[in-house]
Amino acid sequence: MTKEWKAGDALEPISLELTLRRAIQAVAGTRDYYPFHHDEQFARENGAEGIFFNTMFLQGFVGRAAAEWFGNDAFLRRLEIAMHASNYVGRTLTAEGTVAATRESNGCKLVDADVTLATEDGPTTSIKLTVQLPVSTTP
Amino acid sequence: MPVLTDEQRALIGQESAPRDLPQPIDRIMALRWCEMVEDANPIYFDEAYARTTWLQGAIAPPTMLNTWGMTPVWPEARGERPRPRLELEGCTTTIATNAVEEYFVPLRYGDTITATSHISEISDEKTTRLGVGHFYTSVDTYRNQLGQVVGTHSFTLFTYRPHPTGDGA
């Protein structure tokens with residue numbers, strides 16, 4: 001039975017440690033070899049504090065969180081992600097949010113949510129997402 | 001100072017020719033992706049479970065959309081760049097600021113995907129804490145082997161000349 005969501009429902013925090021190993025996994029996992037994400041010296045010389053995580057990693061983390069919140073077979077339909085500050089190695093990344101709206105479109109049950117990613121440095125990333133909730137199946 | 005030429009302005013809205021992504025949608029790459037963010041969702045790999053759901057089988061993580069198109073670093077890509085990139089004199093560095101992805105059709109392992117791209121907008125010159133440059137947005141549209149649009153990826157980047165280091169910025 002799928003939970004009935006309503007605007008204002010809280011999306012509980014989910015955290016992940018941003019270790020250097022995970023930064024390396026992220027380079028391999030996203031196939032993003034831009035030096036900001038693996039070269040400390042390059043990052044510093046270009047205005048960053050150090051190695052930080054890329055957009056695709058953040059998208060992957062939010063994809064995981066969305067399924068933990070809305071169900072393993074909820075299908076992510078839209079993900080808007082705005083980076084305000086960098087997510088640096090050595091921090092802990094936490095996703096949490098609130099249901100913004102529930103609606104129906106062409107027979108699809110959709111939930112919109114506002115999610116924030118934060119580290120010890122404060123909020124880094126604002127996210128708006130939409131998931132399509134499962135329809136009941138008769139296997 | 002970075003200056004936009006008419007040629008660069010003319011890039012806006014020009015759709016690229018379709019290109020094949022480097023490989024089909026792949027289960028092992030998806031496993032590495034899930035390992036990266038500790039995503040234990042069985043919808044991606046447990047076919048028996050996935051068949052009992054409305055999705056009727058395993059799907060690849062939707063958020064991998066952009067990753068499927070990443071160009072291999074070896075052997076070196078030949079010919080055209082995979083996606084239009086704005087190159088401005090003096091702008092040595094580029095950073096992502098905003099991404100919007102829409103997912104229309106679940107990707108299945110073995111799907112073969114083609115992509116087209118265009119630049120949708122280029123800002124006037126801006127100064128941020130990182131440097132001086134321009135924001136621009138590139139949009140990728142992905143189609144599967146059936147010709148269905150499976151998703152779109154809109155990426156806003158800031159290409160800039162970094163502030164000199166040591167100026168307290």
# chains A, B, ... in the order shown; residues from 1 in each chain; ligands from 1
>>> interface_residues(of="chain B", to="chain A", cutoff="7 Å", atoms="only C-alpha atoms", output="short mmCIF file (atom, residue, chain, number, x, y, z; two decimals) with C-alpha atoms, in the first residue's frame")
data_model
loop_
_atom_site.label_atom_id
_atom_site.label_comp_id
_atom_site.auth_asym_id
_atom_site.auth_seq_id
_atom_site.Cartn_x
_atom_site.Cartn_y
_atom_site.Cartn_z
CA ARG B 32 29.04 1.18 -9.91
CA TRP B 33 26.63 4.12 -9.81
CA MET B 36 28.84 5.35 -5.33
CA VAL B 37 25.74 6.62 -3.49
CA ASP B 39 21.62 2.97 -3.43
CA ASN B 41 16.93 -0.05 -4.64
CA ILE B 43 14.20 -2.02 -8.97
CA THR B 52 5.96 -7.59 -9.90
CA THR B 53 5.83 -3.77 -10.13
CA TRP B 54 4.10 -1.47 -12.58
CA PRO B 62 17.02 7.49 -14.18
CA THR B 63 19.59 9.96 -12.86
CA THR B 67 26.47 9.79 -17.48
CA MET B 70 30.16 10.84 -21.13
CA THR B 97 25.51 25.83 -11.73
CA ASN B 98 22.15 24.33 -12.61
CA ALA B 99 20.78 21.13 -14.15
CA VAL B 100 17.25 20.12 -15.07
CA GLU B 101 16.54 16.57 -16.17
CA GLU B 102 13.22 15.17 -17.29
CA TYR B 103 12.62 11.46 -17.61
CA PHE B 104 9.82 10.26 -19.86
CA LEU B 130 34.73 32.68 -8.88
CA PRO B 162 39.16 33.16 -12.48
#
>>> residues_around(residues="Gly90 of chain B", least_positions_apart="2", cutoff="12 Å", atoms="only C-alpha atoms", output="PyMOL selection string")
chain B and resi 1-4+86-88+92-94+131-134+159-163
>>> closest_residue(among="A:Phe42, A:Glu96, A:Phe53, A:Phe70", to="Lys3 of chain A", atoms="only C-alpha atoms")
A:Phe70
>>> atom_distance(atom1="atom CA of Gly107 of chain A", atom2="atom CA of Arg143 of chain B")
23.8 Å
>>> select_by_dssp(residues="chain A", states="strand (DSSP E)", output="PyMOL selection string")
chain A and resi 10-17+75-83+92-105+108-119+122-132
>>> select_by_dssp(residues="segment 19-162 of chain B", states="helix (DSSP H, G or I)", output="ChimeraX atom specification")
/B:27-37,42-44,47-51,62-64,67-69
>>> residues_around(residues="Leu31 of chain B", least_positions_apart="2", cutoff="10 Å", atoms="only C-alpha atoms", output="PyMOL selection string")
(chain A and resi 29) or (chain B and resi 26-29+33-36+38-40+44-45+60-61)
>>> write_last_selection(atoms="C-alpha atoms", output="PDB file, in the first residue's frame")
ATOM      1  CA  GLY A  29      30.833   6.098 -11.474  1.00  0.00           C
TER       2      GLY A  29
ATOM      3  CA  ASP B  26      24.690  -1.159 -19.020  1.00  0.00           C
ATOM      4  CA  ARG B  27      23.990  -3.059 -15.801  1.00  0.00           C
ATOM      5  CA  ILE B  28      27.607  -3.033 -14.558  1.00  0.00           C
ATOM      6  CA  MET B  29      27.886   0.734 -14.924  1.00  0.00           C
ATOM      7  CA  TRP B  33      26.630   4.119  -9.814  1.00  0.00           C
ATOM      8  CA  CYS B  34      24.629   2.576  -6.988  1.00  0.00           C
ATOM      9  CA  GLU B  35      27.822   1.667  -5.121  1.00  0.00           C
ATOM     10  CA  MET B  36      28.836   5.347  -5.333  1.00  0.00           C
ATOM     11  CA  GLU B  38      24.889   3.405  -1.566  1.00  0.00           C
ATOM     12  CA  ASP B  39      21.620   2.967  -3.433  1.00  0.00           C
ATOM     13  CA  ALA B  40      20.124  -0.441  -2.588  1.00  0.00           C
ATOM     14  CA  TYR B  44      17.581  -1.680 -10.688  1.00  0.00           C
ATOM     15  CA  PHE B  45      18.873  -5.242 -10.399  1.00  0.00           C
ATOM     16  CA  ALA B  60      18.483   1.700 -15.021  1.00  0.00           C
ATOM     17  CA  PRO B  61      18.761   4.535 -12.472  1.00  0.00           C
TER      18      PRO B  61
END
>>> closest_residue(among="B:Asp140, B:Pro22, B:Asp46, B:Ile119", to="Pro75 of chain B", atoms="only C-alpha atoms")
B:Pro22
>>> atom_distance(atom1="atom CA of Gln132 of chain A", atom2="atom CA of Ala115 of chain B")
24.3 Å
>>> closest_residue(among="B:Ser120, B:Ile95, B:Gly110, B:Glu47", to="Phe158 of chain B", atoms="only C-alpha atoms")
B:Ile95
>>> atom_distance(atom1="atom CA of Ala10 of chain B", atom2="atom CA of Leu157 of chain B")
17.9 Å
